[in-house]
Every structure is written in structure tokens, then in C-alpha cells.
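Peer 1: First, the structure itself, so that you have it in front of you.
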Amino acid sequence: MHAWLCTNPTGVEALTWTELPTPAPKAGEVLVEIKAASLNFPDLLIVQNKYQMKPPLPFVPGSEYAGVVQAVGEGVTHLQPGQNVACLSGTGGFGTHTIAPAALCMPLPPGFPHVDAAAFIMIYATSHHALVDRAQLKAGETVLVLGAAGGVGTAAIQIAKAMGATVIAAASTDEKCALCTSLGADATINYSNEDLREALKRLTGGKGPDVIYDPVGGDFAEPAFRSIAWRGRYLVVGFASGPIPALPLNLPLLKGASIVGVFWGEFSKREPKANAAMMMELAQWYAQGKIKPVIDRTMPMAELPAAYARMGSRSVQGKLVMVN
């Protein structure tokens with residue numbers, strides 16, 4: 001097997017395409033031949049030693065992937081060799097093979113292609129957990145999605161629309177706004193040339209959005225929160241722009257609003273039954289055509305450094321997927 005090995009987490013340039021012995025699965029594990037692996041923002045942070053999870057060195061990055069089970073370890077009964085699976089295990093995806101915990105593998109129904117499956121779990125699980133569980137979104141409410149053309153943003157648009165909400169998508173270019181419209185967004189804001197607060201006032205008749213989905217952080221957090229509706233819920237999803245914003249606590253007081261943390265990974269560990277039910281619902285929504293990952297492009301696994309560079313340039317719409 002080959003894999004991109006990180007021996008020193010100083011950045012993407014420290015990754016090397018390395019030949020390694022193909023491992024055998026231990027109890028509770030499976031060996032997966034990787035067909036596709038998607039690039040997520042944590043995959044960039046983890047090789048820069050900036051992510052909350054710091055795997056022991058050396059490690060293979062690649063949190064999310066799909067492929068074919070080649071062998072199963074002792075005690076694994078729900079998966080068989082030859083079965084198609086998707087997995088989000090945090091590491092191991094950027095290679096030709098990996099060992100995955102069997103409990104984290106999602107069996108793929110027929111007609112679920114590897115490329116879509118590799119781009120599915122993280123963005124849809126995060127967005128469903130955020131909007132359905134944490135925000136308790138109701139049909140007829142208005143959702144503002146920041147960073148709406150990215151992976152979790154595109155998933156949030158689709159899930160909010162599937163739940164009967166009105167969606168305002170905010171992104172940094174007209175091209176990205178057009179993508180959001182094609183996914184069902186009711187209105188868009190290009191925040192590189194429009195004032196976010198003025199646009200929200202105009203689009204909501206002064207009421208403001210009921211739910212704000214924020215995977216970006218940075219400079220737009222405070223103006224967005226100042227625009228929130230009475231009893232609004234502000235979802236703290238991530239900080240893709242880099243800086244972690246500090247909100248004045250008088251703002252939630254004045255609006256009777258909530259600041260709600262979204263940490264899907266921890267939810268999946270602490271509440272595995274609720275997470276499994278959610279994943280089943282998402283798989284059904286995919287089969288019904290309600291949700292489908294937006295794939296920016298696929299690239300050969302050997303071109304991973306170029307894919308990282310593309311993600312770093314903020315030109316990605318949806319998800320980048322590496323294929324073997």
C-alpha cells in the first residue's frame with residue numbers, strides 16, 4: 001500500500017507519499033481499500049498541528065473516505081469483505097488502504113457512489129446535528145448560512161430547505177452565490193460587496209434570521225449576531241476564517257437569543273444511538289434526492305498537495321475528493 005505520511009506536522013509540504021506494509025485488521029477493525037477520500041478543513045489543521053485532536057506520529061491524514069472492505073478482524077459481524085462502506089475515523093484516508101474501526105463504518109446502500117459517500121458523513125452529520133438537534137429548526141423559520149458555498153454550508157442549505165425553512169446564503173463571490181441559489185437558497189448575500197446587516201434587514205423585513213449557521217467565525221460573527229431575530233439561535237460550527245470571534249454578552253441578552261455550540265464528533269461519541277438514527281435519516285434523504293454532496297472536483301490521490309493548495313486559496317465550492 002501507499003499513503004501520505006506525516007512524520008512532522010509542520011504543514012502540507014512535510015507530507016510524503018510512502019510505501020508501507022499493508023496491515024491486517026485486529027479485533028473490531030476492518031481493512032478498507034480506499035476508492036475516494038474527501039478533503040475537510042480539519043485535514044489542513046491536523047498537518048499544521050493546529051487541530052484539537054493530535055494523533056501520535058507518524059500518521060496518515062484524511063479524516064473521511066469510502067471504499068471496499070478487504071478483510072475483517074475478530075468479532076466483526078456486520079461487515080463482510082467486498083462490502084462498500086464510508087468511514088469518518090479522523091485519520092488514515094489519504095492512501096490506498098487503511099485500517100478502520102468497524103463501528104465507525106457506514107455500510108453503503110446500492111447506488112451510493114464512493115465519491116459522494118466520501119464527501120457525505122462530516123458535512124451532513126454536522127449540519128443535521130446543528131440545525132435539527134441544536135437549533136430545533138422549524139418549518140417557516142429563516143436560516144442565515146455563512147460560508148454557504150463550502151462543504152458544511154452547502155449541506156446546511158439542503159438540510160434547511162428539506163425542513164421547510166427559508167434560507168439566506170452568504171458567500172464571498174457572485175459565482176458562489178449562484179451555486180447557493182442552484183441548491184435552493186431563497187436569497188443570497190455577497191458579503192465582499194454588500195453590507196451584511198443592511199442586506200439582512202432588507203431580506204427579512206427588519207426581523208432578522210431565526211437561526212444563524214456559522215462555520216466561518218472572524219469578522220462576520222458580530223454583525224451577523226447583531227442582526228439575529230428575537231429568540232434567535234446562533235450556531236457556533238467552526239472558525240474557517242482563522243480568528244475566533246469574541247461576542248459582547250449584552251447582545252444575546254438584548255435579543256433573548258442563544259449562542260449554541262455544535263460539536264458533532266463529541267455528540268456521536270456521547271450519544272451513539274441518536275447519531276445512528278440521524279445517519280439513517282440522512283441516508284434516506286440521499287436516496288430520496290433531498291440531499292447530494294456538491295463536488296468541487298475529483299483529483300488523483302497522488303495530487304494531494306495541489307488539492308490542499310486549492311482548498312487554501314478559498315476557491316473550492318463544495319468538497320474536493322481524492323480518488324484512487
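We label chains A, B, ... in the order they appear in the C-alpha cells, count residues from 1 in each chain, and number ligands from 1 in the order shown.
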If you count only C-alpha atoms, which residues fall within 6 Å of Arg233 of chain A, apart from same-chain ones fewer than 3 positions away, as a PDB file with all heavy atoms, in the first residue's frame?

Peer 2:
ATOM      1  N   VAL A 211     -32.214  31.591  12.811  1.00  0.00           N
ATOM      2  CA  VAL A 211     -31.054  30.725  13.069  1.00  0.00           C
ATOM      3  C   VAL A 211     -29.896  31.213  12.205  1.00  0.00           C
ATOM      4  O   VAL A 211     -30.084  31.487  11.016  1.00  0.00           O
ATOM      5  CB  VAL A 211     -31.376  29.241  12.746  1.00  0.00           C
ATOM      6  CG1 VAL A 211     -30.125  28.373  12.852  1.00  0.00           C
ATOM      7  CG2 VAL A 211     -32.468  28.710  13.670  1.00  0.00           C
ATOM      8  N   ALA A 257     -31.549  35.825  22.773  1.00  0.00           N
ATOM      9  CA  ALA A 257     -31.007  34.859  21.805  1.00  0.00           C
ATOM     10  C   ALA A 257     -30.021  33.904  22.474  1.00  0.00           C
ATOM     11  O   ALA A 257     -29.489  34.178  23.546  1.00  0.00           O
ATOM     12  CB  ALA A 257     -30.317  35.604  20.668  1.00  0.00           C
ATOM     13  N   SER A 258     -29.781  32.787  21.822  1.00  0.00           N
ATOM     14  CA  SER A 258     -28.894  31.749  22.349  1.00  0.00           C
ATOM     15  C   SER A 258     -27.655  31.611  21.469  1.00  0.00           C
ATOM     16  O   SER A 258     -27.757  31.641  20.244  1.00  0.00           O
ATOM     17  CB  SER A 258     -29.611  30.394  22.379  1.00  0.00           C
ATOM     18  OG  SER A 258     -30.844  30.479  23.051  1.00  0.00           O
TER      19      SER A 258
END

Peer 1: If you count only C-alpha atoms, which residues fall within 12 Å of Ala277 of chain A, apart from same-chain ones fewer than 4 positions away, as a list of chain:residue names?

Peer 2: A:Ala125, A:His128, A:His129, A:Ser268, A:Glu271, A:Pro272, A:Lys273, A:Glu281, A:Leu282, A:Ala283, A:Gln284

Peer 1: As a compact mmCIF listing (two decimals) with all heavy atoms, in the first residue's frame, please: every residue in segment 4-236 of chain A that a backbone DSSP assignment puts in strand (DSSP E).

Peer 2:
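Writing done, so here's states14.txt:
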# COMPACT_ATOMS: atom_id res chain seq x y z
N TRP A 4 0.02 8.99 2.22
CA TRP A 4 0.69 10.25 2.52
C TRP A 4 1.00 10.27 4.02
O TRP A 4 0.11 10.38 4.84
CB TRP A 4 -0.22 11.43 2.16
CG TRP A 4 -0.30 11.66 0.68
CD1 TRP A 4 -1.28 11.24 -0.18
CD2 TRP A 4 0.66 12.37 -0.12
NE1 TRP A 4 -0.99 11.64 -1.47
CE2 TRP A 4 0.19 12.34 -1.46
CE3 TRP A 4 1.86 13.04 0.17
CZ2 TRP A 4 0.88 12.94 -2.50
CZ3 TRP A 4 2.56 13.63 -0.88
CH2 TRP A 4 2.07 13.58 -2.19
N LEU A 5 2.29 10.16 4.33
CA LEU A 5 2.71 10.03 5.72
C LEU A 5 3.14 11.38 6.28
O LEU A 5 3.91 12.11 5.65
CB LEU A 5 3.87 9.04 5.81
CG LEU A 5 4.12 8.34 7.15
CD1 LEU A 5 2.91 7.52 7.57
CD2 LEU A 5 5.35 7.45 7.06
N CYS A 6 2.63 11.69 7.47
CA CYS A 6 3.03 12.91 8.18
C CYS A 6 3.93 12.49 9.35
O CYS A 6 3.46 11.91 10.32
CB CYS A 6 1.80 13.66 8.70
SG CYS A 6 2.20 15.20 9.57
N LEU A 15 4.40 16.32 4.08
CA LEU A 15 3.80 15.01 3.76
C LEU A 15 4.61 14.32 2.67
O LEU A 15 5.05 14.95 1.71
CB LEU A 15 2.36 15.17 3.29
CG LEU A 15 1.35 15.74 4.30
CD1 LEU A 15 0.01 15.96 3.63
CD2 LEU A 15 1.20 14.81 5.49
N THR A 16 4.79 13.00 2.82
CA THR A 16 5.50 12.23 1.78
C THR A 16 4.67 11.01 1.39
O THR A 16 4.08 10.35 2.25
CB THR A 16 6.88 11.76 2.29
OG1 THR A 16 6.72 11.08 3.55
CG2 THR A 16 7.83 12.94 2.48
N TRP A 17 4.64 10.73 0.08
CA TRP A 17 3.93 9.57 -0.47
C TRP A 17 4.83 8.36 -0.24
O TRP A 17 5.90 8.25 -0.83
CB TRP A 17 3.66 9.82 -1.94
CG TRP A 17 2.84 8.79 -2.67
CD1 TRP A 17 3.26 8.02 -3.72
CD2 TRP A 17 1.47 8.42 -2.46
NE1 TRP A 17 2.25 7.20 -4.16
CE2 TRP A 17 1.13 7.43 -3.40
CE3 TRP A 17 0.49 8.83 -1.55
CZ2 TRP A 17 -0.14 6.85 -3.48
CZ3 TRP A 17 -0.77 8.25 -1.62
CH2 TRP A 17 -1.08 7.29 -2.57
N THR A 18 4.42 7.48 0.66
CA THR A 18 5.31 6.44 1.19
C THR A 18 4.73 5.05 0.98
O THR A 18 3.53 4.85 1.16
CB THR A 18 5.51 6.68 2.71
OG1 THR A 18 5.92 8.03 2.92
CG2 THR A 18 6.54 5.73 3.30
N GLU A 19 5.60 4.10 0.61
CA GLU A 19 5.17 2.70 0.53
C GLU A 19 5.26 2.08 1.93
O GLU A 19 6.27 2.23 2.62
CB GLU A 19 6.04 1.92 -0.45
CG GLU A 19 5.52 0.51 -0.68
CD GLU A 19 6.23 -0.21 -1.83
OE1 GLU A 19 7.16 0.36 -2.42
OE2 GLU A 19 5.83 -1.36 -2.11
N GLU A 29 -11.79 -4.31 13.95
CA GLU A 29 -11.31 -3.45 12.85
C GLU A 29 -11.59 -4.08 11.49
O GLU A 29 -11.86 -5.29 11.39
CB GLU A 29 -9.79 -3.22 12.97
CG GLU A 29 -9.36 -2.49 14.21
CD GLU A 29 -7.85 -2.33 14.31
OE1 GLU A 29 -7.11 -3.13 13.68
OE2 GLU A 29 -7.40 -1.41 15.02
N VAL A 30 -11.51 -3.25 10.45
CA VAL A 30 -11.59 -3.76 9.08
C VAL A 30 -10.48 -3.10 8.26
O VAL A 30 -10.04 -1.99 8.55
CB VAL A 30 -12.96 -3.47 8.41
CG1 VAL A 30 -14.06 -4.25 9.08
CG2 VAL A 30 -13.29 -1.98 8.41
N LEU A 31 -10.01 -3.83 7.24
CA LEU A 31 -9.09 -3.26 6.25
C LEU A 31 -9.92 -2.76 5.08
O LEU A 31 -10.71 -3.52 4.51
CB LEU A 31 -8.09 -4.32 5.78
CG LEU A 31 -7.18 -3.92 4.60
CD1 LEU A 31 -6.21 -2.80 5.02
CD2 LEU A 31 -6.41 -5.12 4.06
N VAL A 32 -9.77 -1.48 4.75
CA VAL A 32 -10.55 -0.87 3.67
C VAL A 32 -9.61 -0.50 2.52
O VAL A 32 -8.58 0.17 2.75
CB VAL A 32 -11.30 0.38 4.16
CG1 VAL A 32 -12.07 1.05 3.01
CG2 VAL A 32 -12.26 0.03 5.29
N GLU A 33 -9.95 -0.93 1.32
CA GLU A 33 -9.29 -0.42 0.12
C GLU A 33 -9.98 0.89 -0.25
O GLU A 33 -11.17 0.90 -0.55
CB GLU A 33 -9.40 -1.42 -1.03
CG GLU A 33 -8.70 -0.93 -2.30
CD GLU A 33 -8.94 -1.84 -3.50
OE1 GLU A 33 -9.63 -2.88 -3.35
OE2 GLU A 33 -8.48 -1.48 -4.59
N ILE A 34 -9.24 1.99 -0.17
CA ILE A 34 -9.84 3.31 -0.33
C ILE A 34 -10.03 3.64 -1.81
O ILE A 34 -9.10 3.56 -2.61
CB ILE A 34 -8.95 4.38 0.34
CG1 ILE A 34 -8.91 4.13 1.85
CG2 ILE A 34 -9.46 5.79 0.06
CD1 ILE A 34 -7.87 4.93 2.58
N LYS A 35 -11.27 3.99 -2.16
CA LYS A 35 -11.59 4.41 -3.53
C LYS A 35 -11.65 5.93 -3.65
O LYS A 35 -11.36 6.50 -4.70
CB LYS A 35 -12.94 3.81 -3.95
CG LYS A 35 -12.96 2.29 -3.99
CD LYS A 35 -12.01 1.74 -5.04
CE LYS A 35 -12.17 0.24 -5.21
NZ LYS A 35 -11.18 -0.30 -6.18
N ALA A 36 -12.08 6.60 -2.57
CA ALA A 36 -12.22 8.06 -2.59
C ALA A 36 -12.06 8.59 -1.17
O ALA A 36 -12.45 7.92 -0.21
CB ALA A 36 -13.59 8.46 -3.14
N ALA A 37 -11.46 9.78 -1.04
CA ALA A 37 -11.31 10.42 0.27
C ALA A 37 -11.49 11.92 0.08
O ALA A 37 -10.92 12.50 -0.84
CB ALA A 37 -9.93 10.12 0.86
N SER A 38 -12.30 12.54 0.94
CA SER A 38 -12.55 13.97 0.77
C SER A 38 -11.63 14.80 1.66
O SER A 38 -11.10 14.32 2.65
CB SER A 38 -14.02 14.30 1.08
OG SER A 38 -14.28 14.13 2.45
N LEU A 39 -11.45 16.04 1.24
CA LEU A 39 -10.60 16.98 1.97
C LEU A 39 -11.50 17.88 2.81
O LEU A 39 -12.39 18.55 2.28
CB LEU A 39 -9.80 17.80 0.95
CG LEU A 39 -8.53 18.50 1.40
CD1 LEU A 39 -7.56 17.55 2.08
CD2 LEU A 39 -7.84 19.16 0.20
N GLU A 64 -11.94 11.36 6.24
CA GLU A 64 -13.21 10.83 5.71
C GLU A 64 -12.97 10.17 4.36
O GLU A 64 -12.37 10.76 3.46
CB GLU A 64 -14.18 12.01 5.56
CG GLU A 64 -15.57 11.64 5.14
CD GLU A 64 -16.51 12.84 5.13
OE1 GLU A 64 -16.05 13.99 4.98
OE2 GLU A 64 -17.72 12.60 5.26
N TYR A 65 -13.48 8.94 4.20
CA TYR A 65 -13.17 8.20 2.99
C TYR A 65 -14.24 7.13 2.75
O TYR A 65 -15.08 6.84 3.62
CB TYR A 65 -11.79 7.54 3.10
CG TYR A 65 -11.55 6.82 4.41
CD1 TYR A 65 -11.89 5.48 4.58
CD2 TYR A 65 -11.01 7.50 5.50
CE1 TYR A 65 -11.70 4.83 5.78
CE2 TYR A 65 -10.82 6.87 6.72
CZ TYR A 65 -11.16 5.53 6.85
OH TYR A 65 -10.98 4.89 8.05
N ALA A 66 -14.20 6.56 1.56
CA ALA A 66 -15.11 5.46 1.20
C ALA A 66 -14.33 4.44 0.39
O ALA A 66 -13.37 4.79 -0.31
CB ALA A 66 -16.30 5.99 0.42
N GLY A 67 -14.76 3.20 0.49
CA GLY A 67 -14.06 2.16 -0.26
C GLY A 67 -14.69 0.80 -0.04
O GLY A 67 -15.88 0.69 0.30
N VAL A 68 -13.87 -0.24 -0.23
CA VAL A 68 -14.35 -1.62 -0.19
C VAL A 68 -13.63 -2.36 0.94
O VAL A 68 -12.40 -2.32 1.04
CB VAL A 68 -14.08 -2.32 -1.53
CG1 VAL A 68 -14.65 -3.75 -1.51
CG2 VAL A 68 -14.69 -1.53 -2.69
N VAL A 69 -14.40 -3.05 1.78
CA VAL A 69 -13.82 -3.86 2.86
C VAL A 69 -13.04 -5.02 2.22
O VAL A 69 -13.58 -5.77 1.40
CB VAL A 69 -14.92 -4.40 3.79
CG1 VAL A 69 -14.33 -5.36 4.83
CG2 VAL A 69 -15.65 -3.25 4.49
N GLN A 70 -11.76 -5.14 2.60
CA GLN A 70 -10.91 -6.23 2.09
C GLN A 70 -10.81 -7.39 3.07
O GLN A 70 -10.67 -8.53 2.68
CB GLN A 70 -9.50 -5.69 1.80
CG GLN A 70 -9.46 -4.65 0.71
CD GLN A 70 -9.71 -5.24 -0.66
OE1 GLN A 70 -8.93 -6.06 -1.15
NE2 GLN A 70 -10.81 -4.86 -1.29
N ALA A 71 -10.83 -7.05 4.38
CA ALA A 71 -10.71 -8.09 5.41
C ALA A 71 -11.33 -7.55 6.69
O ALA A 71 -11.34 -6.34 6.91
CB ALA A 71 -9.24 -8.45 5.64
N VAL A 72 -11.83 -8.46 7.52
CA VAL A 72 -12.44 -8.05 8.80
C VAL A 72 -11.71 -8.73 9.94
O VAL A 72 -11.24 -9.86 9.82
CB VAL A 72 -13.96 -8.37 8.86
CG1 VAL A 72 -14.70 -7.69 7.74
CG2 VAL A 72 -14.21 -9.87 8.84
N ASN A 84 -19.20 -2.28 0.37
CA ASN A 84 -18.87 -0.87 0.22
C ASN A 84 -19.23 -0.12 1.51
O ASN A 84 -20.32 -0.30 2.04
CB ASN A 84 -19.65 -0.25 -0.94
CG ASN A 84 -19.17 -0.76 -2.28
OD1 ASN A 84 -17.99 -0.67 -2.60
ND2 ASN A 84 -20.08 -1.31 -3.09
N VAL A 85 -18.28 0.71 1.98
CA VAL A 85 -18.50 1.44 3.22
C VAL A 85 -17.99 2.88 3.09
O VAL A 85 -17.15 3.18 2.25
CB VAL A 85 -17.77 0.78 4.43
CG1 VAL A 85 -18.37 -0.58 4.75
CG2 VAL A 85 -16.27 0.67 4.18
N ALA A 86 -18.51 3.75 3.94
CA ALA A 86 -17.94 5.08 4.15
C ALA A 86 -17.51 5.15 5.60
O ALA A 86 -18.11 4.50 6.47
CB ALA A 86 -18.96 6.17 3.84
N CYS A 87 -16.47 5.94 5.88
CA CYS A 87 -15.97 5.99 7.24
C CYS A 87 -15.42 7.38 7.54
O CYS A 87 -14.81 8.02 6.67
CB CYS A 87 -14.87 4.95 7.43
SG CYS A 87 -14.28 4.83 9.14
N LEU A 88 -15.66 7.83 8.74
CA LEU A 88 -15.04 9.06 9.24
C LEU A 88 -14.31 8.70 10.52
O LEU A 88 -14.91 8.59 11.57
CB LEU A 88 -16.09 10.15 9.49
CG LEU A 88 -15.51 11.56 9.59
CD1 LEU A 88 -16.54 12.59 9.15
CD2 LEU A 88 -15.05 11.88 11.00
N HIS A 97 -4.97 2.14 1.19
CA HIS A 97 -5.64 1.25 2.13
C HIS A 97 -5.56 1.87 3.52
O HIS A 97 -4.67 2.68 3.80
CB HIS A 97 -4.97 -0.13 2.19
CG HIS A 97 -5.01 -0.88 0.89
ND1 HIS A 97 -4.20 -0.55 -0.19
CD2 HIS A 97 -5.76 -1.95 0.48
CE1 HIS A 97 -4.46 -1.38 -1.20
NE2 HIS A 97 -5.39 -2.23 -0.82
N THR A 98 -6.45 1.45 4.41
CA THR A 98 -6.37 1.88 5.81
C THR A 98 -7.07 0.87 6.70
O THR A 98 -7.93 0.11 6.25
CB THR A 98 -6.98 3.29 6.01
OG1 THR A 98 -6.58 3.80 7.28
CG2 THR A 98 -8.50 3.26 5.95
N ILE A 99 -6.68 0.88 7.96
CA ILE A 99 -7.41 0.13 8.99
C ILE A 99 -8.42 1.07 9.62
O ILE A 99 -8.07 2.17 10.05
CB ILE A 99 -6.44 -0.41 10.07
CG1 ILE A 99 -5.50 -1.46 9.47
CG2 ILE A 99 -7.21 -0.98 11.25
CD1 ILE A 99 -6.17 -2.77 9.08
N ALA A 100 -9.68 0.64 9.67
CA ALA A 100 -10.74 1.48 10.24
C ALA A 100 -11.47 0.74 11.35
O ALA A 100 -11.63 -0.49 11.27
CB ALA A 100 -11.75 1.85 9.15
N PRO A 101 -11.90 1.45 12.40
CA PRO A 101 -12.76 0.81 13.40
C PRO A 101 -14.08 0.41 12.75
O PRO A 101 -14.75 1.24 12.11
CB PRO A 101 -12.97 1.91 14.45
CG PRO A 101 -11.92 2.95 14.17
CD PRO A 101 -11.63 2.87 12.71
N CYS A 105 -17.75 2.48 10.53
CA CYS A 105 -18.02 2.29 9.09
C CYS A 105 -19.52 2.27 8.83
O CYS A 105 -20.27 1.55 9.49
CB CYS A 105 -17.40 0.99 8.60
SG CYS A 105 -15.61 1.05 8.54
N MET A 106 -19.94 3.07 7.86
CA MET A 106 -21.35 3.15 7.46
C MET A 106 -21.52 2.30 6.20
O MET A 106 -20.96 2.62 5.15
CB MET A 106 -21.68 4.62 7.18
CG MET A 106 -23.03 4.88 6.56
SD MET A 106 -23.20 6.68 6.26
CE MET A 106 -24.65 6.69 5.20
N PRO A 107 -22.26 1.17 6.29
CA PRO A 107 -22.48 0.37 5.09
C PRO A 107 -23.23 1.20 4.04
O PRO A 107 -24.18 1.91 4.37
CB PRO A 107 -23.35 -0.79 5.58
CG PRO A 107 -23.18 -0.81 7.06
CD PRO A 107 -22.92 0.61 7.47
N THR A 142 -36.41 31.34 9.30
CA THR A 142 -35.38 31.80 8.36
C THR A 142 -34.00 31.46 8.91
O THR A 142 -33.70 31.72 10.07
CB THR A 142 -35.49 33.33 8.14
OG1 THR A 142 -36.76 33.61 7.55
CG2 THR A 142 -34.38 33.83 7.23
N VAL A 143 -33.16 30.87 8.04
CA VAL A 143 -31.80 30.50 8.40
C VAL A 143 -30.82 31.32 7.56
O VAL A 143 -30.95 31.38 6.34
CB VAL A 143 -31.55 28.99 8.13
CG1 VAL A 143 -30.11 28.62 8.49
CG2 VAL A 143 -32.53 28.13 8.90
N LEU A 144 -29.84 31.92 8.24
CA LEU A 144 -28.71 32.54 7.54
C LEU A 144 -27.55 31.55 7.59
O LEU A 144 -27.16 31.11 8.67
CB LEU A 144 -28.30 33.84 8.23
CG LEU A 144 -26.95 34.43 7.79
CD1 LEU A 144 -26.98 34.87 6.33
CD2 LEU A 144 -26.53 35.59 8.69
N VAL A 145 -27.00 31.21 6.42
CA VAL A 145 -25.83 30.32 6.35
C VAL A 145 -24.64 31.16 5.91
O VAL A 145 -24.63 31.70 4.80
CB VAL A 145 -26.06 29.15 5.36
CG1 VAL A 145 -24.83 28.25 5.32
CG2 VAL A 145 -27.30 28.35 5.74
N THR A 166 -36.78 28.97 5.23
CA THR A 166 -36.31 29.95 4.24
C THR A 166 -34.82 30.13 4.47
O THR A 166 -34.38 30.30 5.61
CB THR A 166 -37.03 31.30 4.42
OG1 THR A 166 -38.42 31.10 4.18
CG2 THR A 166 -36.49 32.35 3.47
N VAL A 167 -34.03 30.08 3.39
CA VAL A 167 -32.57 30.12 3.53
C VAL A 167 -31.99 31.37 2.86
O VAL A 167 -32.26 31.64 1.69
CB VAL A 167 -31.91 28.87 2.92
CG1 VAL A 167 -30.39 28.98 2.95
CG2 VAL A 167 -32.35 27.62 3.68
N ILE A 168 -31.21 32.11 3.64
CA ILE A 168 -30.39 33.21 3.10
C ILE A 168 -28.95 32.72 3.14
O ILE A 168 -28.42 32.38 4.20
CB ILE A 168 -30.53 34.49 3.94
CG1 ILE A 168 -31.99 34.96 3.96
CG2 ILE A 168 -29.62 35.59 3.40
CD1 ILE A 168 -32.25 36.08 4.96
N ALA A 169 -28.30 32.65 1.97
CA ALA A 169 -26.94 32.14 1.88
C ALA A 169 -25.97 33.30 1.67
O ALA A 169 -26.17 34.12 0.78
CB ALA A 169 -26.83 31.16 0.71
N ALA A 170 -24.95 33.36 2.51
CA ALA A 170 -23.93 34.42 2.38
C ALA A 170 -22.61 33.79 1.96
O ALA A 170 -22.16 32.80 2.55
CB ALA A 170 -23.78 35.16 3.71
N ALA A 171 -22.01 34.38 0.91
CA ALA A 171 -20.74 33.87 0.39
C ALA A 171 -19.94 35.03 -0.16
O ALA A 171 -20.41 36.16 -0.21
CB ALA A 171 -21.00 32.80 -0.67
N ALA A 187 -32.43 33.42 -1.03
CA ALA A 187 -31.78 34.71 -1.27
C ALA A 187 -30.30 34.54 -0.97
O ALA A 187 -29.90 33.62 -0.24
CB ALA A 187 -32.37 35.80 -0.37
N THR A 188 -29.48 35.41 -1.56
CA THR A 188 -28.04 35.35 -1.30
C THR A 188 -27.50 36.73 -0.96
O THR A 188 -28.08 37.75 -1.34
CB THR A 188 -27.26 34.80 -2.52
OG1 THR A 188 -27.49 35.67 -3.64
CG2 THR A 188 -27.70 33.39 -2.88
N ILE A 189 -26.39 36.74 -0.23
CA ILE A 189 -25.67 37.98 0.09
C ILE A 189 -24.20 37.75 -0.26
O ILE A 189 -23.58 36.80 0.25
CB ILE A 189 -25.79 38.33 1.59
CG1 ILE A 189 -27.25 38.53 2.01
CG2 ILE A 189 -24.96 39.58 1.92
CD1 ILE A 189 -27.45 38.65 3.52
N ASN A 190 -23.67 38.58 -1.14
CA ASN A 190 -22.23 38.56 -1.43
C ASN A 190 -21.57 39.51 -0.44
O ASN A 190 -21.60 40.72 -0.62
CB ASN A 190 -21.97 38.98 -2.88
CG ASN A 190 -20.49 38.99 -3.22
OD1 ASN A 190 -19.64 38.97 -2.34
ND2 ASN A 190 -20.18 39.05 -4.50
N VAL A 211 -32.21 31.59 12.81
CA VAL A 211 -31.05 30.73 13.07
C VAL A 211 -29.90 31.21 12.21
O VAL A 211 -30.08 31.49 11.02
CB VAL A 211 -31.38 29.24 12.75
CG1 VAL A 211 -30.12 28.37 12.85
CG2 VAL A 211 -32.47 28.71 13.67
N ILE A 212 -28.72 31.33 12.82
CA ILE A 212 -27.50 31.67 12.07
C ILE A 212 -26.55 30.48 12.17
O ILE A 212 -26.21 30.04 13.27
CB ILE A 212 -26.84 32.95 12.61
CG1 ILE A 212 -27.77 34.15 12.40
CG2 ILE A 212 -25.49 33.19 11.92
CD1 ILE A 212 -27.27 35.44 13.03
N TYR A 213 -26.16 29.97 11.01
CA TYR A 213 -25.25 28.82 10.93
C TYR A 213 -23.88 29.38 10.54
O TYR A 213 -23.69 29.85 9.43
CB TYR A 213 -25.79 27.85 9.85
CG TYR A 213 -24.99 26.59 9.67
CD1 TYR A 213 -25.40 25.39 10.24
CD2 TYR A 213 -23.83 26.57 8.89
CE1 TYR A 213 -24.68 24.22 10.06
CE2 TYR A 213 -23.10 25.41 8.71
CZ TYR A 213 -23.53 24.24 9.29
OH TYR A 213 -22.81 23.08 9.11
N ASP A 214 -22.92 29.33 11.49
CA ASP A 214 -21.64 30.00 11.27
C ASP A 214 -20.45 29.04 11.38
O ASP A 214 -19.96 28.76 12.47
CB ASP A 214 -21.46 31.15 12.27
CG ASP A 214 -20.17 31.92 12.02
OD1 ASP A 214 -19.49 31.66 11.00
OD2 ASP A 214 -19.83 32.79 12.83
N ARG A 233 -31.17 31.65 17.38
CA ARG A 233 -30.14 30.69 17.82
C ARG A 233 -28.93 30.85 16.91
O ARG A 233 -29.04 30.71 15.69
CB ARG A 233 -30.66 29.25 17.76
CG ARG A 233 -31.70 28.93 18.82
CD ARG A 233 -33.11 29.31 18.40
NE ARG A 233 -33.71 28.35 17.49
CZ ARG A 233 -34.72 28.64 16.68
NH1 ARG A 233 -35.24 29.86 16.62
NH2 ARG A 233 -35.23 27.71 15.90
N TYR A 234 -27.80 31.15 17.53
CA TYR A 234 -26.56 31.36 16.79
C TYR A 234 -25.71 30.10 16.93
O TYR A 234 -25.26 29.77 18.04
CB TYR A 234 -25.81 32.57 17.34
CG TYR A 234 -24.63 33.00 16.49
CD1 TYR A 234 -24.75 34.05 15.60
CD2 TYR A 234 -23.41 32.34 16.58
CE1 TYR A 234 -23.67 34.44 14.82
CE2 TYR A 234 -22.34 32.73 15.80
CZ TYR A 234 -22.47 33.77 14.93
OH TYR A 234 -21.42 34.15 14.14
N LEU A 235 -25.50 29.38 15.83
CA LEU A 235 -24.80 28.10 15.86
C LEU A 235 -23.31 28.30 15.63
O LEU A 235 -22.89 28.75 14.56
CB LEU A 235 -25.38 27.17 14.78
CG LEU A 235 -26.84 26.77 14.99
CD1 LEU A 235 -27.40 26.14 13.72
CD2 LEU A 235 -26.99 25.82 16.17
N VAL A 236 -22.51 27.99 16.63
CA VAL A 236 -21.05 28.08 16.53
C VAL A 236 -20.55 26.74 15.98
O VAL A 236 -20.47 25.74 16.71
CB VAL A 236 -20.42 28.37 17.91
CG1 VAL A 236 -18.91 28.50 17.79
CG2 VAL A 236 -21.02 29.63 18.51

Peer 1: Which of these residues is nearest to Arg314 of chain A, using only C-alpha atoms: A:Gly261, A:Pro58, A:Gly151, A:Pro243?

Peer 2: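 Residue with the minimum atom-to-atom distance to Arg314 of chain A: A:Gly151.
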
Peer 1: Interatomic distance between atom CA of Val294 of chain A and atom CA of Gly318 of chain A?

Peer 2: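 If I compute the distance from atom CA of Val294 of chain A to atom CA of Gly318 of chain A, I get 4.7 Å.
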
Peer 1: Could you please write out, as a ChimeraX atom specification, every residue of segment 80-323 of chain A that DSSP assigns to alpha helix (DSSP H)?

Peer 2: /A:114-118,121-128,151-162,174-182,196-203,221-226,250-255,264-270,272-287,304-312

Peer 1: Pick out the residues sitting within 9 Å of Gly140 of chain A, and hand them over as a PyMOL selection string; count only C-alpha atoms, and ignore anything fewer than 3 positions along from it in its own chain.

Peer 2: chain A and resi 137+163-166

Peer 1: Tell me, as number ranges by chain, which residues lie within 8 Å of Tyr308 of chain A, counting only C-alpha atoms; anything in the same chain fewer than 4 positions away does not count.

Peer 2: A: 12, 39, 44, 304, 312

Peer 1: One decimal, Å: what's the distance from atom CA of Ser172 of chain A over to atom CA of Ser227 of chain A, could you say?

Peer 2: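 Taking atom CA of Ser172 of chain A as the start and atom CA of Ser227 of chain A as the end point, the length is 18.7 Å.
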
Peer 1: Using only C-alpha atoms, find the one residue out of A:Ile259, A:Leu146, A:Met299, A:Leu20 that sits nearest to Gly232 of chain A.

Peer 2: A:Ile259
